[in-house]
Every structure is written in C-alpha cells, then in structure tokens.
file work37.cif (mmCIF, C-alpha atoms and all ligand atoms)
data_data
#
loop_
_atom_site.group_PDB
_atom_site.id
_atom_site.type_symbol
_atom_site.label_atom_id
_atom_site.label_comp_id
_atom_site.auth_asym_id
_atom_site.auth_seq_id
_atom_site.Cartn_x
_atom_site.Cartn_y
_atom_site.Cartn_z
ATOM 1 C CA MET A 1 93.501 100.000 97.859
ATOM 2 C CA THR A 2 92.186 99.361 94.331
ATOM 3 C CA PRO A 3 94.064 101.226 91.610
ATOM 4 C CA HIS A 4 92.138 104.066 89.965
ATOM 5 C CA PRO A 5 90.164 102.682 86.980
ATOM 6 C CA SER A 6 91.745 105.107 84.471
ATOM 7 C CA LEU A 7 95.165 103.538 85.021
ATOM 8 C CA LYS A 8 96.518 100.546 83.153
ATOM 9 C CA LEU A 9 98.804 98.313 85.203
ATOM 10 C CA ASN A 10 101.004 95.708 83.526
ATOM 11 C CA ASP A 11 100.741 92.094 84.711
ATOM 12 C CA GLU A 12 103.926 92.166 86.794
ATOM 13 C CA VAL A 13 102.734 95.158 88.837
ATOM 14 C CA ALA A 14 99.096 94.049 89.072
ATOM 15 C CA THR A 15 100.148 90.631 90.388
ATOM 16 C CA ALA A 16 102.594 92.077 92.922
ATOM 17 C CA MET A 17 99.947 94.456 94.235
ATOM 18 C CA ARG A 18 97.293 91.768 94.439
ATOM 19 C CA GLU A 19 99.690 89.560 96.404
ATOM 20 C CA GLY A 20 100.666 92.398 98.738
ATOM 21 C CA ARG A 21 104.310 92.460 97.622
ATOM 22 C CA PRO A 22 106.346 95.706 97.623
ATOM 23 C CA VAL A 23 106.260 97.854 94.476
ATOM 24 C CA VAL A 24 108.507 100.812 93.593
ATOM 25 C CA ALA A 25 107.355 103.518 91.179
ATOM 26 C CA LEU A 26 109.842 105.073 88.711
ATOM 27 C CA GLU A 27 109.487 108.252 86.667
ATOM 28 C CA SER A 28 109.947 108.618 82.917
ATOM 29 C CA THR A 29 110.997 112.241 82.301
ATOM 30 C CA ILE A 30 114.463 111.085 83.303
ATOM 31 C CA ILE A 31 114.290 108.648 80.340
ATOM 32 C CA SER A 32 112.807 110.937 77.673
ATOM 33 C CA HIS A 33 114.198 114.309 78.721
ATOM 34 C CA GLY A 34 116.894 113.656 81.312
ATOM 35 C CA MET A 35 119.485 111.494 79.537
ATOM 36 C CA PRO A 36 120.706 110.877 75.984
ATOM 37 C CA TYR A 37 119.934 107.694 73.998
ATOM 38 C CA PRO A 38 120.910 104.862 74.392
ATOM 39 C CA ARG A 39 122.076 105.340 77.979
ATOM 40 C CA ASN A 40 118.572 106.420 78.983
ATOM 41 C CA VAL A 41 116.915 103.130 78.044
ATOM 42 C CA GLU A 42 119.861 101.052 79.323
ATOM 43 C CA MET A 43 119.531 102.894 82.644
ATOM 44 C CA ALA A 44 115.765 102.310 82.744
ATOM 45 C CA ILE A 45 116.133 98.553 82.176
ATOM 46 C CA GLU A 46 119.004 98.213 84.635
ATOM 47 C CA VAL A 47 117.249 100.155 87.373
ATOM 48 C CA GLU A 48 114.140 97.996 87.060
ATOM 49 C CA GLN A 49 116.341 94.917 87.533
ATOM 50 C CA ILE A 50 118.028 96.423 90.597
ATOM 51 C CA ILE A 51 114.589 96.843 92.129
ATOM 52 C CA ARG A 52 113.676 93.228 91.370
ATOM 53 C CA ASP A 53 116.992 92.066 92.849
ATOM 54 C CA GLY A 54 116.108 94.112 95.936
ATOM 55 C CA GLY A 55 112.910 92.120 96.389
ATOM 56 C CA ALA A 56 110.409 94.619 94.973
ATOM 57 C CA THR A 57 108.561 95.068 91.694
ATOM 58 C CA PRO A 58 109.408 98.055 89.479
ATOM 59 C CA ALA A 59 106.591 100.179 88.061
ATOM 60 C CA THR A 60 107.852 102.700 85.544
ATOM 61 C CA ILE A 61 105.118 105.284 85.018
ATOM 62 C CA ALA A 62 104.302 107.208 81.824
ATOM 63 C CA VAL A 63 101.394 108.108 79.564
ATOM 64 C CA LEU A 64 101.223 106.124 76.308
ATOM 65 C CA ASP A 65 98.574 106.921 73.703
ATOM 66 C CA GLY A 66 96.812 108.969 76.344
ATOM 67 C CA ILE A 67 96.639 106.142 78.880
ATOM 68 C CA PRO A 68 98.375 106.508 82.250
ATOM 69 C CA ARG A 69 100.479 103.368 82.490
ATOM 70 C CA ILE A 70 101.888 101.752 85.634
ATOM 71 C CA GLY A 71 104.611 99.283 84.663
ATOM 72 C CA LEU A 72 106.056 99.122 81.152
ATOM 73 C CA ASP A 73 107.672 96.452 79.008
ATOM 74 C CA ARG A 74 110.995 96.894 77.197
ATOM 75 C CA ASP A 75 109.482 98.059 73.927
ATOM 76 C CA GLU A 76 107.566 100.721 75.781
ATOM 77 C CA LEU A 77 110.698 101.896 77.603
ATOM 78 C CA GLU A 78 112.405 102.045 74.192
ATOM 79 C CA THR A 79 109.514 104.128 72.838
ATOM 80 C CA LEU A 80 109.938 106.625 75.666
ATOM 81 C CA ALA A 81 113.667 106.791 74.952
ATOM 82 C CA THR A 82 113.416 107.270 71.185
ATOM 83 C CA HIS A 83 110.013 108.572 70.094
ATOM 84 C CA PRO A 84 110.332 112.125 68.745
ATOM 85 C CA HIS A 85 107.093 113.343 70.336
ATOM 86 C CA VAL A 86 107.054 112.520 73.990
ATOM 87 C CA THR A 87 105.752 115.460 76.014
ATOM 88 C CA LYS A 88 107.322 116.266 79.356
ATOM 89 C CA VAL A 89 104.318 115.852 81.641
ATOM 90 C CA SER A 90 104.097 117.623 84.945
ATOM 91 C CA LEU A 91 100.824 117.765 86.829
ATOM 92 C CA ARG A 92 99.311 120.544 84.716
ATOM 93 C CA ASP A 93 100.091 118.647 81.478
ATOM 94 C CA LEU A 94 98.342 115.395 82.447
ATOM 95 C CA PRO A 95 94.825 116.345 81.284
ATOM 96 C CA PHE A 96 96.125 117.456 77.873
ATOM 97 C CA VAL A 97 98.167 114.330 77.043
ATOM 98 C CA VAL A 98 95.368 112.083 78.254
ATOM 99 C CA ALA A 99 92.682 113.959 76.312
ATOM 100 C CA THR A 100 94.736 114.082 73.095
ATOM 101 C CA GLY A 101 95.905 110.468 73.264
ATOM 102 C CA ALA A 102 99.536 111.526 73.241
ATOM 103 C CA HIS A 103 102.703 110.043 74.744
ATOM 104 C CA GLY A 104 103.993 111.700 77.886
ATOM 105 C CA ALA A 105 106.992 111.201 80.142
ATOM 106 C CA THR A 106 106.033 112.015 83.709
ATOM 107 C CA THR A 107 108.006 114.272 86.035
ATOM 108 C CA VAL A 108 108.330 113.694 89.764
ATOM 109 C CA ALA A 109 105.059 115.584 90.332
ATOM 110 C CA ALA A 110 102.981 113.667 87.787
ATOM 111 C CA THR A 111 104.599 110.322 88.666
ATOM 112 C CA MET A 112 103.843 110.848 92.353
ATOM 113 C CA ARG A 113 100.199 111.536 91.626
ATOM 114 C CA LEU A 114 99.820 108.491 89.353
ATOM 115 C CA ALA A 115 101.683 106.289 91.856
ATOM 116 C CA ALA A 116 99.311 107.438 94.601
ATOM 117 C CA LEU A 117 96.285 106.738 92.384
ATOM 118 C CA ALA A 118 97.692 103.246 91.831
ATOM 119 C CA GLY A 119 98.288 102.712 95.564
ATOM 120 C CA ILE A 120 102.102 102.609 95.362
ATOM 121 C CA PRO A 121 103.691 104.301 98.403
ATOM 122 C CA VAL A 122 107.372 104.407 97.330
ATOM 123 C CA PHE A 123 108.878 106.182 94.320
ATOM 124 C CA VAL A 124 112.508 106.365 93.178
ATOM 125 C CA THR A 125 113.936 109.163 91.055
ATOM 126 C CA GLY A 126 117.262 110.906 90.420
ATOM 127 C CA GLY A 127 116.817 114.533 91.379
ATOM 128 C CA LEU A 128 113.842 116.563 92.535
ATOM 129 C CA GLY A 129 112.688 119.737 90.860
ATOM 130 C CA GLY A 130 112.695 122.760 93.140
ATOM 131 C CA VAL A 131 112.999 126.497 93.433
ATOM 132 C CA HIS A 132 115.083 127.770 90.532
ATOM 133 C CA ARG A 133 117.830 130.304 91.054
ATOM 134 C CA GLY A 134 116.311 133.721 90.390
ATOM 135 C CA ALA A 135 112.820 132.508 91.282
ATOM 136 C CA GLU A 136 112.204 135.792 93.078
ATOM 137 C CA THR A 137 111.716 137.335 89.635
ATOM 138 C CA SER A 138 110.895 134.321 87.420
ATOM 139 C CA PHE A 139 108.515 132.591 89.877
ATOM 140 C CA ASP A 140 109.980 129.333 88.523
ATOM 141 C CA ILE A 141 109.206 126.808 91.227
ATOM 142 C CA SER A 142 108.724 123.195 90.185
ATOM 143 C CA ALA A 143 105.311 121.623 90.720
ATOM 144 C CA ASP A 144 107.330 118.766 92.253
ATOM 145 C CA LEU A 145 107.355 120.793 95.480
ATOM 146 C CA THR A 146 103.622 121.432 95.759
ATOM 147 C CA GLU A 147 103.010 117.811 94.889
ATOM 148 C CA LEU A 148 105.382 116.700 97.652
ATOM 149 C CA GLY A 149 103.226 118.829 99.931
ATOM 150 C CA GLN A 150 99.989 117.063 99.092
ATOM 151 C CA THR A 151 100.449 113.517 97.856
ATOM 152 C CA ASP A 152 101.211 110.583 100.142
ATOM 153 C CA VAL A 153 104.241 108.953 98.539
ATOM 154 C CA ALA A 154 107.786 108.490 99.826
ATOM 155 C CA VAL A 155 110.231 109.860 97.256
ATOM 156 C CA VAL A 156 113.858 108.715 97.133
ATOM 157 C CA SER A 157 116.198 111.131 95.331
ATOM 158 C CA ALA A 158 119.833 112.201 95.456
ATOM 159 C CA GLY A 159 118.791 115.620 96.693
ATOM 160 C CA VAL A 160 118.601 118.813 94.706
ATOM 161 C CA LYS A 161 121.011 119.970 92.032
ATOM 162 C CA SER A 162 122.650 123.313 92.322
ATOM 163 C CA ILE A 163 121.017 124.362 89.040
ATOM 164 C CA LEU A 164 118.373 125.163 91.662
ATOM 165 C CA ASP A 165 118.507 127.316 94.752
ATOM 166 C CA ILE A 166 119.023 124.562 97.314
ATOM 167 C CA GLY A 167 118.392 126.777 100.346
ATOM 168 C CA LEU A 168 115.086 128.130 99.018
ATOM 169 C CA THR A 169 114.030 124.631 97.983
ATOM 170 C CA LEU A 170 114.615 123.334 101.527
ATOM 171 C CA GLU A 171 112.726 126.320 102.979
ATOM 172 C CA THR A 172 109.799 125.634 100.677
ATOM 173 C CA LEU A 173 109.719 121.960 101.635
ATOM 174 C CA GLU A 174 109.606 123.020 105.277
ATOM 175 C CA THR A 175 106.685 125.379 104.569
ATOM 176 C CA LEU A 176 104.864 122.560 102.791
ATOM 177 C CA GLY A 177 105.307 120.221 105.756
ATOM 178 C CA VAL A 178 107.524 117.746 103.926
ATOM 179 C CA PRO A 179 109.992 115.845 106.120
ATOM 180 C CA VAL A 180 113.373 115.768 104.384
ATOM 181 C CA VAL A 181 115.385 112.808 105.638
ATOM 182 C CA VAL A 182 118.950 112.257 104.547
ATOM 183 C CA HIS A 183 119.987 108.618 104.464
ATOM 184 C CA GLY A 184 123.236 107.993 106.301
ATOM 185 C CA SER A 185 124.587 111.547 106.342
ATOM 186 C CA ASP A 186 124.352 114.785 108.298
ATOM 187 C CA GLU A 187 124.520 116.910 105.161
ATOM 188 C CA PHE A 188 121.877 117.417 102.498
ATOM 189 C CA PRO A 189 123.293 116.148 99.178
ATOM 190 C CA SER A 190 123.330 118.107 95.914
ATOM 191 C CA PHE A 191 122.802 115.317 93.379
ATOM 192 C CA TYR A 192 126.281 115.096 91.789
ATOM 193 C CA SER A 193 127.908 115.740 95.171
ATOM 194 C CA ARG A 194 127.454 114.394 98.675
ATOM 195 C CA SER A 195 127.723 117.892 100.065
ATOM 196 C CA SER A 196 125.681 121.046 99.494
ATOM 197 C CA GLY A 197 126.617 123.350 102.356
ATOM 198 C CA TYR A 198 123.197 122.663 103.927
ATOM 199 C CA ALA A 199 122.705 120.424 106.936
ATOM 200 C CA ALA A 200 120.396 117.420 106.729
ATOM 201 C CA PRO A 201 117.029 118.541 108.129
ATOM 202 C CA LEU A 202 116.606 114.975 109.467
ATOM 203 C CA ARG A 203 118.733 111.864 109.305
ATOM 204 C CA ALA A 204 117.865 108.153 109.044
ATOM 205 C CA ASP A 205 120.313 105.284 108.964
ATOM 206 C CA SER A 206 118.105 102.396 107.887
ATOM 207 C CA PRO A 207 115.145 101.622 105.626
ATOM 208 C CA ASP A 208 113.186 100.582 108.735
ATOM 209 C CA GLN A 209 113.586 104.070 110.227
ATOM 210 C CA VAL A 210 112.299 105.624 107.015
ATOM 211 C CA ALA A 211 109.365 103.198 106.873
ATOM 212 C CA ALA A 212 108.482 104.058 110.474
ATOM 213 C CA MET A 213 108.390 107.763 109.563
ATOM 214 C CA MET A 214 106.129 107.114 106.592
ATOM 215 C CA ALA A 215 103.733 105.164 108.793
ATOM 216 C CA ALA A 216 103.854 107.806 111.534
ATOM 217 C CA LYS A 217 103.118 110.644 109.096
ATOM 218 C CA TRP A 218 100.213 109.011 107.336
ATOM 219 C CA ASP A 219 98.744 107.426 110.472
ATOM 220 C CA LEU A 220 98.455 110.943 111.866
ATOM 221 C CA GLY A 221 96.526 111.917 108.756
ATOM 222 C CA LEU A 222 99.292 114.290 107.625
ATOM 223 C CA LYS A 223 99.070 114.719 103.868
ATOM 224 C CA GLY A 224 102.024 114.652 101.546
ATOM 225 C CA ALA A 225 105.358 113.049 100.915
ATOM 226 C CA VAL A 226 108.308 111.918 102.910
ATOM 227 C CA SER A 227 111.373 113.021 100.958
ATOM 228 C CA ILE A 228 114.400 110.755 101.346
ATOM 229 C CA ALA A 229 117.690 112.155 100.092
ATOM 230 C CA ASN A 230 120.324 109.514 99.373
ATOM 231 C CA PRO A 231 123.814 110.949 98.839
ATOM 232 C CA VAL A 232 125.549 109.686 95.684
ATOM 233 C CA PRO A 233 128.150 106.945 96.480
ATOM 234 C CA GLU A 234 131.538 108.500 97.238
ATOM 235 C CA GLU A 235 133.323 106.797 94.347
ATOM 236 C CA ASP A 236 130.841 108.284 91.846
ATOM 237 C CA GLU A 237 130.502 111.823 93.111
ATOM 238 C CA ILE A 238 131.694 114.966 91.374
ATOM 239 C CA PRO A 239 132.900 117.357 94.072
ATOM 240 C CA ALA A 240 130.660 120.416 94.389
ATOM 241 C CA ALA A 241 133.495 122.798 93.521
ATOM 242 C CA GLU A 242 134.211 120.966 90.239
ATOM 243 C CA ILE A 243 130.618 120.863 89.027
ATOM 244 C CA ALA A 244 129.834 124.435 90.122
ATOM 245 C CA ASP A 245 131.631 126.051 87.159
ATOM 246 C CA LEU A 246 129.887 123.854 84.628
ATOM 247 C CA ILE A 247 126.522 124.569 86.207
ATOM 248 C CA ASP A 248 127.178 128.308 86.088
ATOM 249 C CA ARG A 249 128.124 128.087 82.406
ATOM 250 C CA ALA A 250 125.017 126.038 81.579
ATOM 251 C CA LEU A 251 122.827 128.533 83.477
ATOM 252 C CA ALA A 252 124.379 131.481 81.630
ATOM 253 C CA GLU A 253 123.767 129.809 78.243
ATOM 254 C CA CYS A 254 120.200 129.022 79.222
ATOM 255 C CA ASP A 255 119.674 132.697 79.890
ATOM 256 C CA GLU A 256 121.396 133.865 76.687
ATOM 257 C CA ARG A 257 119.307 131.539 74.570
ATOM 258 C CA GLY A 258 116.098 132.650 76.254
ATOM 259 C CA ILE A 259 115.110 129.136 77.299
ATOM 260 C CA ARG A 260 112.068 129.271 79.556
ATOM 261 C CA GLY A 261 109.642 127.269 81.637
ATOM 262 C CA LYS A 262 109.567 123.497 81.347
ATOM 263 C CA ASP A 263 112.473 123.439 78.872
ATOM 264 C CA ILE A 264 114.943 124.806 81.410
ATOM 265 C CA THR A 265 115.636 121.625 83.389
ATOM 266 C CA PRO A 266 116.135 119.344 80.320
ATOM 267 C CA PHE A 267 118.380 121.976 78.687
ATOM 268 C CA LEU A 268 120.566 122.331 81.773
ATOM 269 C CA LEU A 269 120.891 118.564 82.272
ATOM 270 C CA GLY A 270 121.899 118.088 78.624
ATOM 271 C CA ARG A 271 124.434 120.918 78.666
ATOM 272 C CA ILE A 272 126.024 119.691 81.886
ATOM 273 C CA VAL A 273 126.506 116.259 80.284
ATOM 274 C CA GLU A 274 128.207 117.917 77.284
ATOM 275 C CA LEU A 275 130.322 120.321 79.329
ATOM 276 C CA SER A 276 131.516 117.505 81.595
ATOM 277 C CA ASP A 277 132.323 115.213 78.613
ATOM 278 C CA GLY A 278 129.784 112.717 79.838
ATOM 279 C CA ARG A 279 131.070 112.482 83.386
ATOM 280 C CA SER A 280 127.871 113.948 84.853
ATOM 281 C CA LEU A 281 125.855 111.295 83.017
ATOM 282 C CA GLU A 282 127.843 108.500 84.661
ATOM 283 C CA THR A 283 127.292 110.129 88.044
ATOM 284 C CA ASN A 284 123.595 110.527 87.291
ATOM 285 C CA ILE A 285 123.246 106.829 86.408
ATOM 286 C CA ALA A 286 125.243 105.757 89.476
ATOM 287 C CA LEU A 287 123.033 107.754 91.816
ATOM 288 C CA VAL A 288 119.838 106.389 90.302
ATOM 289 C CA ARG A 289 121.175 102.865 90.835
ATOM 290 C CA ALA A 290 121.892 103.640 94.480
ATOM 291 C CA ASN A 291 118.448 105.191 94.894
ATOM 292 C CA ALA A 292 116.824 102.095 93.395
ATOM 293 C CA ARG A 293 118.601 99.883 95.923
ATOM 294 C CA LEU A 294 117.492 102.058 98.809
ATOM 295 C CA GLY A 295 113.956 102.458 97.443
ATOM 296 C CA ALA A 296 113.467 98.696 97.139
ATOM 297 C CA ALA A 297 114.624 98.248 100.737
ATOM 298 C CA ILE A 298 112.279 101.004 101.965
ATOM 299 C CA ALA A 299 109.339 99.517 100.044
ATOM 300 C CA ALA A 300 110.042 96.111 101.604
ATOM 301 C CA ALA A 301 110.379 97.594 105.090
ATOM 302 C CA TYR A 302 107.146 99.577 104.730
ATOM 303 C CA GLN A 303 105.280 96.534 103.424
ATOM 304 C CA ARG A 304 106.446 94.527 106.485
ATOM 305 C CA LEU A 305 105.156 97.266 108.788
ATOM 306 C CA ARG A 306 101.766 97.256 107.121
ATOM 307 C CA THR A 307 101.171 93.483 107.127
HETATM 308 N N1 LIG B 401 116.422 116.600 87.838
HETATM 309 C C1 LIG B 401 117.262 115.663 87.342
HETATM 310 N N2 LIG B 401 116.836 114.843 86.346
HETATM 311 C C2 LIG B 401 115.584 114.948 85.830
HETATM 312 C C3 LIG B 401 114.711 115.927 86.382
HETATM 313 C C4 LIG B 401 115.165 116.736 87.378
HETATM 314 O O1 LIG B 401 118.369 115.547 87.767
HETATM 315 O O2 LIG B 401 115.245 114.192 84.915
HETATM 316 C C5 LIG B 401 113.304 115.993 85.883
HETATM 317 C C6 LIG B 401 112.378 115.283 86.874
HETATM 318 O O3 LIG B 401 111.414 114.565 86.151
HETATM 319 C C7 LIG B 401 111.740 116.430 87.629
HETATM 320 C C8 LIG B 401 111.636 117.458 86.517
HETATM 321 O O4 LIG B 401 110.480 116.118 88.172
HETATM 322 O O5 LIG B 401 112.862 117.339 85.819
HETATM 323 C C9 LIG B 401 111.446 118.853 87.039
HETATM 324 O O6 LIG B 401 111.148 119.684 85.976
HETATM 325 P P1 LIG B 401 110.594 121.161 86.262
HETATM 326 O O7 LIG B 401 111.752 121.858 86.892
HETATM 327 O O8 LIG B 401 110.240 121.693 84.896
HETATM 328 O O9 LIG B 401 109.407 120.998 87.146
HETATM 329 MN MN MN B 402 109.688 125.300 86.068
#
call {"tool": "encode", "arguments": {"input": "work37.cif", "output": "structure tokens"}}
result
Amino acid sequence: MTPHPSLKLNDEVATAMREGRPVVALESTIISHGMPYPRNVEMAIEVEQIIRDGGATPATIAVLDGIPRIGLDRDELETLATHPHVTKVSLRDLPFVVATGAHGATTVAATMRLAALAGIPVFVTGGLGGVHRGAETSFDISADLTELGQTDVAVVSAGVKSILDIGLTLETLETLGVPVVVHGSDEFPSFYSRSSGYAAPLRADSPDQVAAMMAAKWDLGLKGAVSIANPVPEEDEIPAAEIADLIDRALAECDERGIRGKDITPFLLGRIVELSDGRSLETNIALVRANARLGAAIAAAYQRLRT
C-alpha cells in the first residue's frame, strides 16, 4: 500500500516500508501530555531503540507545523516534549491542527488513523483511553474506542487504567467487535497492575498467535483493530490495591477543580505521578518498554505471514 500523499514519512520509515520490513507506529500524546520532561523524551528515544533492537523500524507519529508526520528525528521528539503549544490531537482535532499549521501530539485514536493511512499495521502505546467512570452522566467515552472499532491496526497496550471504568470499557470493545487479547495471562491488566478483577476476553502466548489473529480478522474483511493487552512486568507493577487510593484522590481533585473533556486524562496522569512520588512514572515507562518489545515481535511475525 502507498502511504497517503498528505503524510510525510522520514527516510528511515520510508525505506523500511519500501523494502517490506516491519514498522511499528508510536503515539505522541504520551510524550507531550502523558509524562513530565525530561523523562518523556528519554522514554521516546529509548522506546524507538527497543523497537530497532527487536528488528523493526519505529515510526513515532505527530503533527508538526500542520503536517502529519510518520517517523521523527531527535530534535522533533524534543520539540514535542518541550514546546509550550502542542495540542492534544484526537480524531476530531486533526482537521484543525492541520488547517492551522499547528503542532499536535496524537492520541491512540489519531495515531491509529494516521498509521493506517501510512500502511502500518502495528502500533504500540502505554494505555488506551476508554469509558470514564461516571460516563453514564458525563458521556465521556474516549474516541480511542470508536477508532478501535473501525481502523485496521493492531494496538499493543498495558490495558486500561482504573481512572476509567474497566468493565464498561471491555463491554464497549465487545460491542464494537474488537478482539481483546491478553498476552501471556488469563486476566485483563490495569496498566500499573497485572490484575484488574476482569478475566482476559482472549489469551495469546506468542507473537505468531497474535499475527495469525490479525490476518484472520482482516482476511475476513472485518474492520477495526485487534487490541493486545500486555501486562506490566511483575517487578515493575504497582499492586492494584496500592494504586487505587491514589487514583481515587486524583479523580476527586479532578472533580473539585472542574477539569473537563480532553484535559481529564493528562490531569489524572500528572497527579498520579505526583501522588506516588514518581513511582507511577517508572511503572509507566517500564510498561511502554515491554510493549515496544512485544510490538516489534508482533510486527515481525505479521510481516512474515504476509510475505
Ligand atoms: N493513558 C495513559 N497515557 C496516555 C494516555 C492514556 O496511560 O498518555 C493518552 C493516550 O494518548 C490516549 C489518550 O489515547 O490519553 C486518551 O485521551 P482521552 O481520554 O481524552 O481520549
Ligand atoms: Mn474524553
């Protein structure tokens, strides 16, 4: 597939795609709005290298000066990490940042869509957006979910944080026809923790099994994502009971301060880092590393199946 002409690919990604080598997409909201400087840019550089070491080519996705970019150099990653005006770009924000020539950091939803337009079938992130707690009155449901329902990309995450309603998020993914496969566990993970109280809807124990599911889904003409949940490594996890209090406090503050809409997720992530004295940040970085390793292996396995 030829990448959409509105996208700008860097040389590393363009060459890999031309030569039929595996490529892994990465999001940028996690850099601009998900972690503090300088750990955000250090994480971004390190994760790209993990993907290279895993035999694939990293393609961090963002909008710079209004241009959707697939693959960034270090200066550009630094810009995303430090520039004071980087918009958080979900699907509905894409037309505005492109039309105004602005910088935008893409969420899971927007990154998925740009990855699909580029022809990249595998995408690695930290945590998915989902159905927020209290969504029955706020209607706050991340566009990540609808995008998972319609765009053909495999998304590797560490599951869903309990800042969200995990049960309602899993129900919604079922409604949208999104297979949720947990890698190497019978329980759905909750980002900081390997457990969530919810069973794994499906389980896979190897990248080849995941690649086979991707091929099976898309060969049948079924639209949308395959969601792969990779539980955080045991040595890095924060037990669910320990993080639960901090999450409840962050949620209460969010409410008190009247934070709404797209600002909710970045606020909660930042507060949880502060309330945990930075421990949640270390866990977040560790799980992204693990996801990058798995994502590179899935991209390689899928590429083998297709050639
Ligand atoms: N969860 C995290 N880290 C993140 C995000 C979610 O642990 O950085 C980001 C992702 O980019 C995700 C977005 O797509 O937040 C969801 O935002 P919203 O809930 O506003 O759709
Ligand atoms: Mn929202």
call {"tool": "residues_around", "arguments": {"input": "work37.cif", "residues": "Leu269 in chain A", "least_positions_apart": "4", "cutoff": "7 Å", "atoms": "all atoms listed in the file", "output": "ChimeraX atom specification"}}
result
/A:34,265,273
call {"tool": "write_last_selection", "arguments": {"input": "work37.cif", "atoms": "C-alpha atoms", "output": "tab-separated table (two decimals), keeping the file's coordinate frame"}}
result
chain	number	residue	atom	x	y	z
A	34	GLY	CA	116.89	113.66	81.31
A	265	THR	CA	115.64	121.62	83.39
A	273	VAL	CA	126.51	116.26	80.28
call {"tool": "residues_near_ligand", "arguments": {"input": "work37.cif", "ligand": "ligand LIG 401 (chain B)", "cutoff": "9 Å", "atoms": "only C-alpha atoms and all ligand atoms", "output": "PDB file with C-alpha atoms, in the coordinates of the input"}}
result
ATOM      1  CA  GLU A  27     109.487 108.252  86.667  1.00  0.00           C
ATOM      2  CA  SER A  28     109.947 108.618  82.917  1.00  0.00           C
ATOM      3  CA  THR A  29     110.997 112.241  82.301  1.00  0.00           C
ATOM      4  CA  ILE A  30     114.463 111.085  83.303  1.00  0.00           C
ATOM      5  CA  ILE A  31     114.290 108.648  80.340  1.00  0.00           C
ATOM      6  CA  SER A  32     112.807 110.937  77.673  1.00  0.00           C
ATOM      7  CA  HIS A  33     114.198 114.309  78.721  1.00  0.00           C
ATOM      8  CA  GLY A  34     116.894 113.656  81.312  1.00  0.00           C
ATOM      9  CA  MET A  35     119.485 111.494  79.537  1.00  0.00           C
ATOM     10  CA  LYS A  88     107.322 116.266  79.356  1.00  0.00           C
ATOM     11  CA  VAL A  89     104.318 115.852  81.641  1.00  0.00           C
ATOM     12  CA  SER A  90     104.097 117.623  84.945  1.00  0.00           C
ATOM     13  CA  ALA A 105     106.992 111.201  80.142  1.00  0.00           C
ATOM     14  CA  THR A 106     106.033 112.015  83.709  1.00  0.00           C
ATOM     15  CA  THR A 107     108.006 114.272  86.035  1.00  0.00           C
ATOM     16  CA  VAL A 108     108.330 113.694  89.764  1.00  0.00           C
ATOM     17  CA  ALA A 109     105.059 115.584  90.332  1.00  0.00           C
ATOM     18  CA  ALA A 110     102.981 113.667  87.787  1.00  0.00           C
ATOM     19  CA  THR A 111     104.599 110.322  88.666  1.00  0.00           C
ATOM     20  CA  THR A 125     113.936 109.163  91.055  1.00  0.00           C
ATOM     21  CA  GLY A 126     117.262 110.906  90.420  1.00  0.00           C
ATOM     22  CA  GLY A 127     116.817 114.533  91.379  1.00  0.00           C
ATOM     23  CA  LEU A 128     113.842 116.563  92.535  1.00  0.00           C
ATOM     24  CA  GLY A 129     112.688 119.737  90.860  1.00  0.00           C
ATOM     25  CA  GLY A 130     112.695 122.760  93.140  1.00  0.00           C
ATOM     26  CA  VAL A 131     112.999 126.497  93.433  1.00  0.00           C
ATOM     27  CA  HIS A 132     115.083 127.770  90.532  1.00  0.00           C
ATOM     28  CA  ASP A 140     109.980 129.333  88.523  1.00  0.00           C
ATOM     29  CA  ILE A 141     109.206 126.808  91.227  1.00  0.00           C
ATOM     30  CA  SER A 142     108.724 123.195  90.185  1.00  0.00           C
ATOM     31  CA  ALA A 143     105.311 121.623  90.720  1.00  0.00           C
ATOM     32  CA  ASP A 144     107.330 118.766  92.253  1.00  0.00           C
ATOM     33  CA  LEU A 145     107.355 120.793  95.480  1.00  0.00           C
ATOM     34  CA  ALA A 158     119.833 112.201  95.456  1.00  0.00           C
ATOM     35  CA  GLY A 159     118.791 115.620  96.693  1.00  0.00           C
ATOM     36  CA  VAL A 160     118.601 118.813  94.706  1.00  0.00           C
ATOM     37  CA  LYS A 161     121.011 119.970  92.032  1.00  0.00           C
ATOM     38  CA  LEU A 164     118.373 125.163  91.662  1.00  0.00           C
ATOM     39  CA  PHE A 191     122.802 115.317  93.379  1.00  0.00           C
ATOM     40  CA  TYR A 192     126.281 115.096  91.789  1.00  0.00           C
ATOM     41  CA  GLY A 261     109.642 127.269  81.637  1.00  0.00           C
ATOM     42  CA  LYS A 262     109.567 123.497  81.347  1.00  0.00           C
ATOM     43  CA  ASP A 263     112.473 123.439  78.872  1.00  0.00           C
ATOM     44  CA  ILE A 264     114.943 124.806  81.410  1.00  0.00           C
ATOM     45  CA  THR A 265     115.636 121.625  83.389  1.00  0.00           C
ATOM     46  CA  PRO A 266     116.135 119.344  80.320  1.00  0.00           C
ATOM     47  CA  LEU A 269     120.891 118.564  82.272  1.00  0.00           C
ATOM     48  CA  ASN A 284     123.595 110.527  87.291  1.00  0.00           C
TER      49      ASN A 284
END
call {"tool": "residues_around", "arguments": {"input": "work37.cif", "residues": "Ile272 in chain A", "least_positions_apart": "3", "cutoff": "7 Å", "atoms": "all atoms listed in the file", "output": "MDAnalysis selection string"}}
result
chainID A and resid 246:247 250 268:269 275:276 280
call {"tool": "atom_distance", "arguments": {"input": "work37.cif", "atom1": "CA of Ala240 in chain A", "atom2": "CA of Pro189 in chain A"}}
result
9.8 Å
call {"tool": "resolve_selection", "arguments": {"input": "work37.cif", "expression": "the PyMOL selection byres (((chain A and resi 55) around 10) and not hetatm)", "output": "list in words"}}
result
Arg21, Pro22, Val23, Gln49, Ile50, Ile51, Arg52, Asp53, Gly54, Ala56, Thr57, Pro58, Arg293, Ala296, Ala297, Ala299 and Ala300 of chain A
